[in-house]
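So the structure is just underneath, and the comments pick up after that.
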Amino acid sequence: MVLKYAEETDRAFVKKLNPHIGEEAFQAKSLYVIWKDAQPAGILSYCMLWDHLPFLNLIYLEEPYRGNGLGTQAIREWESIMKRKGHKMVLLSTQADERAQFLYRRLGYIDCGCLLFHDTPFDQPAEIFMRKIL
């Protein structure tokens, strides 16, 4: 598994997986392509909260690459990159009805809050926020 910054040549692949990723992610170097055996397998993007706290926005693997540890490897590599950059902690979130929360807990993330949007125009299951000290 290799995690590389998304480049212009990756744009079609990235947009296929998530058409909502904008130009700013490419420019900010906060978007990675996950490679497996020289093939693009998924994407990982993050942003900085309060200018110093990395927040994992998205990790998405194409169906054939799921369930074999590639997501775990990508998250661990991202954490290593964040630690090398001097960050002490990372955050992420997942909806309460998503299976990803169990992966994140296995990787050492712990719950640190949630957002509730019940009875709003954005009604959805609770958004669980998780943190990990690097």
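The way I read the labels, and the way they are meant: chains A, B, ... in the order of the structure tokens, residue 1 as the first residue of every chain, and ligand 1 as the first ligand shown, with later ones counted on from there.
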DSSP helix (DSSP H, G or I) selection over chain A, as a VMD selection string: chain A and resid 8 to 17 23 to 27 63 to 65 70 to 84 100 to 106
Expected answer as a PyMOL selection string: strand (DSSP E or B) residues in chain A: chain A and resi 2-5+31-36+39-49+53-61+89-95+110-115+127-133
Ile75 (chain A) surroundings by only C-alpha atoms, 10 Å radius, close-in-sequence under 4 positions cut, as a PyMOL selection string: chain A and resi 3+44+56+59+70-71+79-81+104+107
Can you write out the residues you just picked, keeping N, CA, C and O atoms, as a compact mmCIF listing (two decimals), in the first residue's frame?
# COMPACT_ATOMS: atom_id res chain seq x y z
N LEU A 3 0.47 5.56 -0.06
CA LEU A 3 -0.39 6.72 0.07
C LEU A 3 0.34 7.89 -0.60
O LEU A 3 1.43 8.26 -0.17
N LEU A 44 -8.22 9.20 0.46
CA LEU A 44 -8.24 9.62 1.86
C LEU A 44 -8.06 11.13 1.84
O LEU A 44 -7.15 11.64 1.19
N LEU A 56 -9.76 13.66 9.81
CA LEU A 56 -9.96 12.77 8.67
C LEU A 56 -11.38 12.96 8.15
O LEU A 56 -12.35 12.62 8.82
N ILE A 59 -12.32 8.41 4.10
CA ILE A 59 -11.51 7.33 3.53
C ILE A 59 -12.50 6.46 2.77
O ILE A 59 -13.56 6.09 3.30
N LEU A 70 -6.48 -2.93 3.80
CA LEU A 70 -5.95 -1.77 3.09
C LEU A 70 -6.35 -0.47 3.77
O LEU A 70 -5.53 0.45 3.89
N GLY A 71 -7.58 -0.37 4.23
CA GLY A 71 -8.03 0.82 4.93
C GLY A 71 -7.24 1.04 6.21
O GLY A 71 -6.84 2.17 6.52
N GLU A 79 -1.73 8.58 9.86
CA GLU A 79 -1.36 8.94 11.23
C GLU A 79 0.14 9.18 11.35
O GLU A 79 0.58 10.14 12.00
N SER A 80 0.94 8.32 10.71
CA SER A 80 2.40 8.48 10.74
C SER A 80 2.81 9.79 10.08
O SER A 80 3.70 10.49 10.59
N ILE A 81 2.19 10.12 8.97
CA ILE A 81 2.49 11.39 8.29
C ILE A 81 2.15 12.56 9.21
O ILE A 81 2.92 13.51 9.34
N TYR A 104 -12.33 2.03 13.52
CA TYR A 104 -11.63 3.12 14.19
C TYR A 104 -11.33 2.77 15.64
O TYR A 104 -10.23 3.07 16.14
N LEU A 107 -8.40 0.61 15.89
CA LEU A 107 -7.17 1.36 15.62
C LEU A 107 -6.80 2.29 16.77
O LEU A 107 -5.84 3.06 16.65
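Closest approach to Ser93 (chain A) among A:Asn57, A:Asn18, A:Gln27, A:Asn68: A:Asn57, based on only C-alpha atoms.
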Among the residues A:Cys114, A:Met130, A:Asp123, A:Gly86, the one that comes closest to Ala100 (chain A) [using only C-alpha atoms]: A:Met130
